[in-house]
Amino acid sequence: MAYQTLPEALNKFRDSDRRITYLAPQDRSRSISFSDLYARAIGILRYLQDRGIRQGDQLIVLLNNNERFIDAFWACVYGGIIPVPIAVGVSDEQRLKLFRVYEQLPSAFVYTDRPIWHRLRDFAQSRGIAEAYDKMQSRCLLTDNIHDTSQPGDIASVNRDDVAFVQYSSGSTSEPKGIVLTHENILANIHDIVAAARFTRDDVSLSWMPLTHDMGLIGFHLNMLVSEMHHYLMDTEVFIRRPLSWLQAASSERANILCSPNFGYRHFLRVFKKRQFDDTDVDLSHVRLIFNGAEPISASLCEEFLQALEPYGLRRKAMFPVYGLAEATLAVSFPHLDRAVRWQDIDRRSAGVGHTVRHAPGEAHAMRCVSVGHAVGRCEIRIVDREQTPLPDGTIGRILIHGPNVTSGYYLDPGATKAVIDGKGWLETGDLGFMEDGELFITGREKDVLFVNGQNFYAHDLEAVALQSGRLELGKVAVGSYRDEGSDTDKVLVFVLHRGDLGDFATLARDVASYINEHTGAEVSEIVPVSRMLKTTSGKVQRFALVDAYLAGEYDDDLVTLRQLTASVVYDAPVTDVERRLRDICDQALGDIRLGRHDNFFETGASSLKLIEIHEHIEEAFPGCVELMDLFDFPTLAALAEFLERRVSAV
């Protein structure tokens, strides 16, 4: 693979017969050639340049539409403009992230569509940041205004060391960090991925991952284009609303390269168990690889998924657990091809840095760690102790990486760069693990990172959000987590210093949990009253000690009382037939949580997947009447029922 830059790669395949197919609902799917992609991109480049964007400027790409996103990305690449993909947020903190990123960039423009831009306007007005919105508006370009792409823009001369794009970290409440990826970083990692996965132009890929995620954009678009592979990009919302359509499309289109993180497999299985496939002709025997990455891999979930799909021909060896991170462009390690998922059960009580792994198959304290294989290509992996001394096989330590795929640092942030990359280019991943016979096993996270329903949350971020509620004081709240045996998601605990009446605390607990959920999307499992906030001698809160005390039952008496107080609350009854149907749907999805007519969905502590489930059931009861985003605009039973009644009467 001799390409030095991304434009060289697309130029090479402009006359290829391979295509990109954008899978969308309601017969809106489109298939375009690589030549069409090129023509569309340089036509949009002309539009950007005519509006004052120059080589080296940054363009925040804020779009849900996959085709428009890809067009804009390649327009930037050909013009030497730096694309900055940002996910279209649905929570307050996600929307605020856009404003934080914009403030960091010295010469940024925003590229979006009118509906998204109007939602941002309303959000900015409601949060008192209209001035920031007005500042951004003067440099906002709307896709709706592009009517002619027949005139090509001026193609820039770009080099392998130039910034190809900037990936922003997923953390939403802290200051976001932009990961710099050069053309060399991307093409080096793609070269190693193609070799390790043995991609060929005869493979066919299909992905529902958002293009703002590195697995979506790099793993299942850039990889596939450089491999001259036909690839299908499914709208993420299609998968969320109808997860079975993912593998139905893989069957009908004979796609043999697929992907999903844990939460996608779980979401698929939850619906699959209820409905199965409508089409009994679904055949997955041709599937070669299903990449499993983007978050810690659950062996039990892999097994459940493989068993469920075995009757449809899915091979057990198709499951492909991998390890990577945005700072590595994408991939760090892959397993050997055509081998079943492997794992080790180790004693979690001796899983700290510097501890020798003690294998504990079948024991009560066993923690199952999945092998994520060997380092890809020229990427190097090193396991070290806290003093950076390399550790032998079978010893748990900090995972460092090095190679041409590894970022040189964070965009315009030398302080953050210096904190994780040493003078020789070794990057601290923040993860812990061990090597065994050349294979990497991940044991946990060095920092307080929580994985909840497919998203990353930082403990200190959630603490900061809790303080923003105005109900708590600095130093009197701590966030921790634990994971039940066999689970693939963390349970979030919020510890609050409280020495008063539990009746008063019950109201505070509900308010804090709902505030965190509304502003971050994280589902809080429990708000725990503690009479003493455990701290080190230097005053640092001991999050793990608090979690250990919780698991040991030290707070059980107060928690039982709190649950009784919460259960005794009387909720107002629905007043219309539509409200009653909505109440039944919510009760089914939320279990013990009961909604009053004017209770906000996002103040229940429900996870994003629970809200997706609610939407799916509403779609079944009222087909085509409610979009997922409408739940954010009409977030109570009463408001949503009124909206639904208007929509139904208009049909």
# chains A, B, ... in the order shown; residues from 1 in each chain; ligands from 1
$ select_by_dssp --residues "segment 75-303 of chain A" --states "helix (DSSP H, G or I)" --output "ChimeraX atom specification"
/A:75-79,92-104,114-126,130-137,143-145,183-197,214-226,236-241,244-252,262-275,299-303
$ closest_atom_pairs --of "segment 300-327 of chain A" --to "segment 257-267 of chain A" --cutoff "12 Å" --atoms "only C-alpha atoms" --output "Markdown table"
| residue | atom | partner | partner_atom | distance |
| --- | --- | --- | --- | --- |
| A:Ser300 | CA | A:Asn262 | CA | 10.5 |
| A:Leu301 | CA | A:Arg266 | CA | 7.3 |
| A:Cys302 | CA | A:Tyr265 | CA | 8.1 |
| A:Glu303 | CA | A:Tyr265 | CA | 10.7 |
| A:Glu304 | CA | A:Tyr265 | CA | 9.2 |
| A:Phe305 | CA | A:Tyr265 | CA | 6.8 |
| A:Leu306 | CA | A:Tyr265 | CA | 10.0 |
| A:Ala308 | CA | A:Tyr265 | CA | 10.9 |
| A:Leu309 | CA | A:Tyr265 | CA | 11.3 |
| A:Leu314 | CA | A:Leu258 | CA | 11.9 |
| A:Ala318 | CA | A:Ile257 | CA | 9.1 |
| A:Met319 | CA | A:Cys259 | CA | 9.2 |
| A:Phe320 | CA | A:Cys259 | CA | 8.8 |
| A:Pro321 | CA | A:Pro261 | CA | 9.4 |
| A:Val322 | CA | A:Pro261 | CA | 10.1 |
| A:Tyr323 | CA | A:Pro261 | CA | 11.1 |
| A:Gly324 | CA | A:Pro261 | CA | 11.9 |
$ select_by_dssp --residues "segment 134-217 of chain A" --states "strand (DSSP E)" --output "JSON, numbers by chain"
{"A": [140, 141, 142, 163, 164, 165, 166, 167, 168, 178, 179, 180, 181, 182, 204, 205, 206, 207]}
$ closest_residue --among "A:Asp202, A:Glu103, A:Asp92, A:Glu446" --to "Asp122 of chain A" --atoms "only C-alpha atoms"
A:Asp92
$ residues_around --residues "segment 212-228 of chain A" --least-positions-apart "5" --cutoff "7 Å" --atoms "only C-alpha atoms" --output "list in words"
Ala9, Phe13, Arg18, Pro85, Ile86, Ala87, Ile190, Phe199, Thr200, Arg201, Ser207, Ala326 and Leu330 of chain A
$ closest_residue --among "A:Val61, A:Val524, A:Ala108, A:Ala255" --to "Ala75 of chain A" --atoms "only C-alpha atoms"
A:Val61
$ closest_residue --among "A:Pro152, A:Pro210, A:Gly52, A:Gly128" --to "Phe69 of chain A" --atoms "only C-alpha atoms"
A:Pro210
$ atom_distance --atom1 "atom CA of Tyr411 of chain A" --atom2 "atom CA of Asp162 of chain A"
12.6 Å
